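The structure under discussion appears below in the form of structure tokens.
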Amino acid sequence: MRMVDLIQKKKSGSSLNKEEIEFIVNGYTAGDIPDYQMSAFLMAIHWKGMTDEETSYLTLSMAHSGDVIDLSAIEGIKVDKHSTGGVGDKISLIVAPIAAYFGVPIAKMSGRGLGHTGGTIDKLESIPGFRVELSKEEFISAVNLHKIAIVGQSGNLAPADKKMYALRDVTATVDSIPLIASSIMSKKIASGADAIVLDVKIGSGAFMKSQEDARALAATMVNIGKNVQLNTIALITGMEQPLGREIGNAGEIRESIDVLRGQGDADLTEVAISVAAYMVMLGGKFTHIEEARAAVEKVVRSGDAIETFKSFIASQGGDPMVVDHPELLPSAAFHIDVVSQVEGYLTEIDAEQMGIAAMLLGAGRARKEDPIDYGVGITLNKKIGDTAAIGESLCTLHANREDVQSVIELVLQAFRITDHKPEAVRLIYEVII
Ligand code: URA
């Protein structure tokens, strides 16, 4: 087989078979196929697309390019959850303890944040003492004992994806549905769960800007799941504005605690309940989604899953006292209100810009190697649909430096205030099963 012939085949719109796709993925991972040929191949996929069958072959080859985690020593149906990325998206921190409370084993590998989006692992690391690296034995025993453990992704998980994603980033081939779907699902398959709930975000702060694209991505991933016996459900949820009120690591832990106590914001709580309900259903605890939802709502209202959150923190070396005393979490030295310059209804909060603003305060990384300041971030005091008067606080910046003028200017651009009351924002667009 010659790579040039396979590029030609894809360029002409023909489908590749399993052996051809494996040849490409294995050859590229081993360094036998150079970047320039892989770039041409990725661009051909970008233009010509892939059939469902090709996308599944690509996903499986990528999943098997490195370690495939064996979770068979954990009893029960292991359920994972993945979000395509958002700003203020702390849903994993809320739904994982809720699912564990119901006895669904959560053996989760999560990522770090980059650019305008945050990462679950960084958020957990803001808890004093919390260890995100566990040995395989510690990981399995924590899940068997507490039904929950969340660790950083193993270095050798889907190395083909790591290499291809870096190449896509510099060859303008990230925004291709088969490439995004195979990238996400390859890592999920390699992570070893039995079922997964995908949260596909749509809106200003998301990869997918239209419902049509979000639906196509969700359907592609659900289909890959079906082809590999990974029970997969996708929710399409809104990212028209940051989720909840907090953006930034320790702030997002505090807000997650509020939701687990039944004291969270309505939008964040609603998305968390929807995702958690599908997780406990896939985990075999309920047959119908209505039953699952009613049970999850009850647990959120009563705050019962907070004890599961505490034991999860303690089992990974963190200080569980932060749950009752959130003031023990890192905080910032300065709190600066950004006030409205006009009067009217808040009609837009650009989630991506708010994510960048939080990153500039130090809550995120511009480059992979950048350090993180866990205590800094942004609290939204207004959300879409609220009214603002001149001089009223739109949000509060939590910073460890006084000079944040450039961040204030960026944040002010992210808020759009008009004299028209906007329509209510949609939270859950649809569910793809
Ligand atoms: N997230 C991934 O893991 N891969 C993509 O291609 C896009 C988002």
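Naming works like this for the structure tokens: A, B, ... for the chains as they're shown, residue 1 at the start of each chain, ligands 1 onward in shown order.
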Review point. Do you know which residues are at most 10 Å from stretch 7-14 of chain A counting only C-alpha atoms, after dropping those on the same chain fewer than 6 positions away, and could you put them as a ChimeraX atom specification?
Key: /A:24,37-51
Go ahead and write the selection's residues with N, CA and C atoms as an mmCIF file, in the first residue's frame.
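Resulting contents of part.cif:
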```
data_model
loop_
_atom_site.group_PDB
_atom_site.id
_atom_site.type_symbol
_atom_site.label_atom_id
_atom_site.label_comp_id
_atom_site.auth_asym_id
_atom_site.auth_seq_id
_atom_site.Cartn_x
_atom_site.Cartn_y
_atom_site.Cartn_z
ATOM 1 N N ILE A 24 -2.929 3.740 7.483
ATOM 2 C CA ILE A 24 -2.626 5.179 7.628
ATOM 3 C C ILE A 24 -2.397 5.538 9.108
ATOM 4 N N GLN A 37 2.157 14.210 4.137
ATOM 5 C CA GLN A 37 1.156 13.311 3.528
ATOM 6 C C GLN A 37 -0.100 13.230 4.398
ATOM 7 N N MET A 38 0.113 13.192 5.722
ATOM 8 C CA MET A 38 -1.046 13.129 6.619
ATOM 9 C C MET A 38 -1.872 14.414 6.491
ATOM 10 N N SER A 39 -1.194 15.557 6.344
ATOM 11 C CA SER A 39 -1.915 16.828 6.187
ATOM 12 C C SER A 39 -2.810 16.769 4.955
ATOM 13 N N ALA A 40 -2.269 16.250 3.851
ATOM 14 C CA ALA A 40 -3.060 16.164 2.615
ATOM 15 C C ALA A 40 -4.248 15.227 2.819
ATOM 16 N N PHE A 41 -4.025 14.143 3.542
ATOM 17 C CA PHE A 41 -5.109 13.186 3.798
ATOM 18 C C PHE A 41 -6.207 13.829 4.647
ATOM 19 N N LEU A 42 -5.786 14.553 5.713
ATOM 20 C CA LEU A 42 -6.775 15.196 6.590
ATOM 21 C C LEU A 42 -7.586 16.231 5.811
ATOM 22 N N MET A 43 -6.909 16.953 4.918
ATOM 23 C CA MET A 43 -7.631 17.954 4.120
ATOM 24 C C MET A 43 -8.608 17.261 3.165
ATOM 25 N N ALA A 44 -8.209 16.111 2.640
ATOM 26 C CA ALA A 44 -9.129 15.368 1.759
ATOM 27 C C ALA A 44 -10.369 14.919 2.544
ATOM 28 N N ILE A 45 -10.165 14.493 3.804
ATOM 29 C CA ILE A 45 -11.323 14.121 4.645
ATOM 30 C C ILE A 45 -12.184 15.355 4.889
ATOM 31 N N HIS A 46 -11.511 16.472 5.164
ATOM 32 C CA HIS A 46 -12.243 17.702 5.439
ATOM 33 C C HIS A 46 -13.190 18.036 4.281
ATOM 34 N N TRP A 47 -12.713 17.877 3.049
ATOM 35 C CA TRP A 47 -13.533 18.233 1.879
ATOM 36 C C TRP A 47 -14.521 17.149 1.498
ATOM 37 N N LYS A 48 -14.079 15.910 1.552
ATOM 38 C CA LYS A 48 -14.924 14.823 1.014
ATOM 39 C C LYS A 48 -15.743 14.102 2.085
ATOM 40 N N GLY A 49 -15.419 14.306 3.349
ATOM 41 C CA GLY A 49 -16.152 13.633 4.421
ATOM 42 C C GLY A 49 -15.775 12.167 4.520
ATOM 43 N N MET A 50 -16.491 11.461 5.375
ATOM 44 C CA MET A 50 -16.255 10.021 5.546
ATOM 45 C C MET A 50 -17.603 9.339 5.721
ATOM 46 N N THR A 51 -17.718 8.106 5.293
ATOM 47 C CA THR A 51 -18.933 7.342 5.576
ATOM 48 C C THR A 51 -18.912 6.967 7.066
#
```
Exercise for review: For A:Ile378, please output as a PyMOL selection string all residues within 7 Å (counting only C-alpha atoms; exclusion window: fewer than 4 positions along the same chain).
Suggested key: chain A and resi 246-248+358+395-398
Write to file, as a PDB file, in the first residue's frame, the residues of the selection just made, with N, CA and C atoms.
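And here is the file that came out, again-v8.pdb:
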```
ATOM      1  N   GLU A 246     -19.944  30.998  37.653  1.00  0.00           N
ATOM      2  CA  GLU A 246     -18.507  31.059  37.930  1.00  0.00           C
ATOM      3  C   GLU A 246     -17.678  30.566  36.748  1.00  0.00           C
ATOM      4  N   ILE A 247     -16.598  31.296  36.441  1.00  0.00           N
ATOM      5  CA  ILE A 247     -15.607  30.851  35.459  1.00  0.00           C
ATOM      6  C   ILE A 247     -14.265  30.917  36.188  1.00  0.00           C
ATOM      7  N   GLY A 248     -13.561  29.813  36.261  1.00  0.00           N
ATOM      8  CA  GLY A 248     -12.310  29.784  37.028  1.00  0.00           C
ATOM      9  C   GLY A 248     -12.343  28.602  37.968  1.00  0.00           C
ATOM     10  N   ALA A 358     -11.017  35.170  31.427  1.00  0.00           N
ATOM     11  CA  ALA A 358     -10.626  34.402  32.623  1.00  0.00           C
ATOM     12  C   ALA A 358      -9.208  33.853  32.455  1.00  0.00           C
ATOM     13  N   CYS A 395     -20.311  41.819  36.186  1.00  0.00           N
ATOM     14  CA  CYS A 395     -19.554  40.663  36.682  1.00  0.00           C
ATOM     15  C   CYS A 395     -18.443  41.159  37.604  1.00  0.00           C
ATOM     16  N   THR A 396     -17.877  40.228  38.371  1.00  0.00           N
ATOM     17  CA  THR A 396     -16.764  40.572  39.257  1.00  0.00           C
ATOM     18  C   THR A 396     -15.528  39.795  38.815  1.00  0.00           C
ATOM     19  N   LEU A 397     -14.433  40.528  38.612  1.00  0.00           N
ATOM     20  CA  LEU A 397     -13.179  39.863  38.272  1.00  0.00           C
ATOM     21  C   LEU A 397     -12.441  39.551  39.575  1.00  0.00           C
ATOM     22  N   HIS A 398     -11.960  38.327  39.710  1.00  0.00           N
ATOM     23  CA  HIS A 398     -11.157  37.947  40.878  1.00  0.00           C
ATOM     24  C   HIS A 398      -9.721  37.818  40.371  1.00  0.00           C
TER      25      HIS A 398
END
```
Check your understanding: If you count only C-alpha atoms and all ligand atoms, which residues end up within 6 Å of ligand 1, as a list in words?
Key ->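 For ligand 1, the residues inside 6 Å are Thr84, Val174, Leu179, Ile180, Ser183 and Ile184 of chain A.
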Tell me, as a tab-separated table (two decimals) with N, CA, C and O atoms, in the first residue's frame, which residues lie within 9 Å of A:Ile33, counting only C-alpha atoms; anything in the same chain fewer than 6 positions away does not count.
```tsv
chain	number	residue	atom	x	y	z
A	3	MET	N	0.83	5.46	0.59
A	3	MET	CA	0.01	6.56	1.14
A	3	MET	C	-0.51	7.46	0.03
A	3	MET	O	-1.65	7.91	0.07
A	24	ILE	N	-2.93	3.74	7.48
A	24	ILE	CA	-2.63	5.18	7.63
A	24	ILE	C	-2.40	5.54	9.11
A	24	ILE	O	-1.40	6.18	9.45
A	25	VAL	N	-3.31	5.11	9.98
A	25	VAL	CA	-3.21	5.50	11.39
A	25	VAL	C	-1.95	4.89	12.02
A	25	VAL	O	-1.17	5.59	12.70
A	26	ASN	N	-1.71	3.60	11.76
A	26	ASN	CA	-0.53	2.96	12.35
A	26	ASN	C	0.75	3.56	11.78
A	26	ASN	O	1.72	3.80	12.51
A	27	GLY	N	0.75	3.80	10.47
A	27	GLY	CA	1.95	4.36	9.82
A	27	GLY	C	2.25	5.75	10.33
A	27	GLY	O	3.40	6.11	10.59
```
Practice item. From stretch 182-424 of chain A, collect each residue whose DSSP state is strand (DSSP E) and return the set as a PyMOL selection string. Key: chain A and resi 195-202+231-238+246-247+334-339+344-349+377-380+387-388+393-399+415-418
